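Taking it in order: structure first as structure tokens, then the write-up.
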Amino acid sequence: MSGLMLNLVCEPIREGKSGKSRGNAKHERFLGRRHYLEHKGLLKEKQNKKRNKKSRNTQLNGDDQSKPGAIFPKFTSYLPKKTSEPSSSAQTFSKKSTFSFPSTASTSQRHPTHQAAPYTLGPLKYVALDCEMVGTGPKGCRNELARCSIVTYEGDVIYDKYIKPIDPVTDFRTRWSGIRRQDLLHAIPFDQAQKEIVKIITGKVVVGHAINNDFKALKYFHPACQTRDTARIPLLNQKAGLPVNEMVSLKRLTKAILKKDIQTGKGGHSSVEDAKATMELYKVVESMWEQKLSALSSQPFS
């Protein structure tokens, strides 16, 4: 009886010692193998192979810092230094900043933040842009670029081309877009148009009405500090006698402020006419609006 009790009490202890012994033996075998590999010079060779394999995987995954990751262009402008003491204009604009946008970002900002443009920009650096879109996909549910027009500060047309959408057109929306089937027979490809347009507007202040819709159709980013959206300038609404926070159509603003009729008739919109009207509207409030933006941008961040 006492022998049985002794076995019951001691059995767990014997098992524990056995498990510990097995662990020690396994560890000793590991150390022995490691010493053998070190002695033969094989351990260092094995470690080098692992490092080379990891380096190759890093390059294949795009983590190599020497290769550019973003597909969107960089926008460079000269911004004033923020100093408490007055300085000469040469010193004021000596700070260079680069705006870069990653490829994973969205193609447009829902509510862009207006910022002051660099003061070195003059009238020749301002352009107005307007695009016309057609519908692709089921029942024309997707917007695609079909025409783009760009005018200078003085209203001269420097770009106006029809553009072939990437996907087949299912709704030309002629009543609004002014685009007809025959207009796209000899249109240029989208990727060619995109390159041409980006080349013109890069580094310039771009004026437009609800312009983020145009940028989205172009699949393009533009710096907020170089964007002027006449649909979001409260001073224009005030001059038109309309609520400040209301999104007013270009046709309505043009009629109220410039006393001009645009987008009339059944032929649809003209992107050239709309771009010219947008630039004229901007010039009405340009001085006051830029002063206000400059004051806002000079305020310290909270």
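In the structure tokens, the first chain shown is A, the next is B, and so on; residue numbers restart at 1 for each chain, and ligands run from 1 in the order shown.
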
Shell around Leu145 of chain A at 7 Å using only C-alpha atoms, local window under 6 positions removed, as a compact mmCIF listing (two decimals) with N, CA and C atoms, in the first residue's frame:
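The resulting file, out_22.txt, is reproduced below:
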```
# COMPACT_ATOMS: atom_id res chain seq x y z
N CYS A 131 -14.08 70.95 -69.12
CA CYS A 131 -14.18 69.67 -69.81
C CYS A 131 -15.64 69.30 -70.05
N GLU A 132 -15.86 68.55 -71.12
CA GLU A 132 -17.17 67.98 -71.39
C GLU A 132 -17.06 66.47 -71.31
N MET A 133 -18.02 65.85 -70.65
CA MET A 133 -17.98 64.41 -70.45
C MET A 133 -19.15 63.71 -71.15
N VAL A 134 -18.91 62.46 -71.53
CA VAL A 134 -19.97 61.60 -72.06
C VAL A 134 -20.12 60.42 -71.11
N ILE A 163 -11.64 64.20 -77.40
CA ILE A 163 -10.86 63.11 -76.82
C ILE A 163 -11.69 61.83 -76.84
N PRO A 165 -12.97 58.55 -75.49
CA PRO A 165 -13.05 57.89 -74.17
C PRO A 165 -12.40 56.51 -74.19
N ALA A 217 -12.18 63.52 -64.26
CA ALA A 217 -12.29 62.97 -65.62
C ALA A 217 -10.92 62.85 -66.27
N LEU A 218 -10.02 63.78 -65.92
CA LEU A 218 -8.65 63.74 -66.44
C LEU A 218 -7.78 62.72 -65.72
```

Hey, what's within 7 Å of Trp176 of chain A if we count only C-alpha atoms and toss same-chain stuff fewer than 2 positions away? As an MDAnalysis selection string, please?
chainID A and resid 173:174 178 268:269

Just give me the gap between atom CA of Ser270 of chain A and atom CA of Pro223 of chain A in Å, one decimal is fine.
26.0 Å

Please return, as a ChimeraX atom specification, all residues of segment 192-247 of chain A that DSSP assigns to strand (DSSP E or B) on the basis of the backbone.
/A:205-208,227-229

Could you turn the residues from that selection into a file that holds C-alpha atoms, as a PDB file, in the first residue's frame?
```
ATOM      1  CA  VAL A 205      -3.042  78.443 -61.284  1.00  0.00           C
ATOM      2  CA  VAL A 206      -6.011  76.637 -62.830  1.00  0.00           C
ATOM      3  CA  VAL A 207      -9.437  78.291 -62.715  1.00  0.00           C
ATOM      4  CA  GLY A 208     -12.587  76.277 -63.256  1.00  0.00           C
ATOM      5  CA  THR A 227      -6.623  75.782 -57.902  1.00  0.00           C
ATOM      6  CA  ARG A 228      -9.425  78.362 -58.052  1.00  0.00           C
ATOM      7  CA  ASP A 229     -12.961  76.969 -58.114  1.00  0.00           C
TER       8      ASP A 229
END
```

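Taking atom CA of Met279 of chain A as the reference point, atom CA of Ser297 of chain A is found at 23.0 Å.
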
Interatomic distance, atom CA of Lys251 of chain A to atom CA of Gln263 of chain A (Å, one decimal):
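Separation of atom CA of Lys251 of chain A and atom CA of Gln263 of chain A: 6.8 Å.
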
Taking 2 positions as the minimum chain separation for residues in the same chain, which residues sit within 8 Å of His209 of chain A when counting only C-alpha atoms? Answer as a ChimeraX atom specification.
/A:130,207,211,229-231,250,278

Writer output for current selection, N, CA, C and O atoms, as a CSV table (one decimal), in the first residue's frame:
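After the write, out-v9.csv holds the following:
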```
chain,number,residue,atom,x,y,z
A,130,ASP,N,-12.0,73.8,-68.8
A,130,ASP,CA,-13.4,73.2,-68.8
A,130,ASP,C,-13.4,72.0,-69.6
A,130,ASP,O,-12.8,71.9,-70.7
A,207,VAL,N,-8.1,77.8,-63.1
A,207,VAL,CA,-9.4,78.3,-62.7
A,207,VAL,C,-10.5,77.4,-63.4
A,207,VAL,O,-10.3,77.1,-64.6
A,211,ILE,N,-14.3,72.4,-60.6
A,211,ILE,CA,-13.2,71.9,-61.3
A,211,ILE,C,-12.8,70.5,-60.9
A,211,ILE,O,-12.1,69.8,-61.7
A,229,ASP,N,-11.7,77.5,-57.7
A,229,ASP,CA,-13.0,77.0,-58.1
A,229,ASP,C,-14.0,78.1,-57.9
A,229,ASP,O,-14.4,78.4,-56.8
A,230,THR,N,-14.5,78.5,-59.1
A,230,THR,CA,-15.5,79.6,-59.0
A,230,THR,C,-16.9,79.2,-58.4
A,230,THR,O,-17.7,80.0,-58.0
A,231,ALA,N,-17.0,77.9,-58.3
A,231,ALA,CA,-18.2,77.3,-57.6
A,231,ALA,C,-18.1,77.4,-56.1
A,231,ALA,O,-19.1,77.2,-55.4
A,250,LEU,N,-22.7,77.7,-63.2
A,250,LEU,CA,-21.9,78.7,-64.0
A,250,LEU,C,-22.8,79.6,-64.8
A,250,LEU,O,-22.6,80.8,-64.9
A,278,THR,N,-15.7,81.4,-67.0
A,278,THR,CA,-15.1,81.1,-65.7
A,278,THR,C,-14.0,82.0,-65.4
A,278,THR,O,-13.9,82.6,-64.3
```
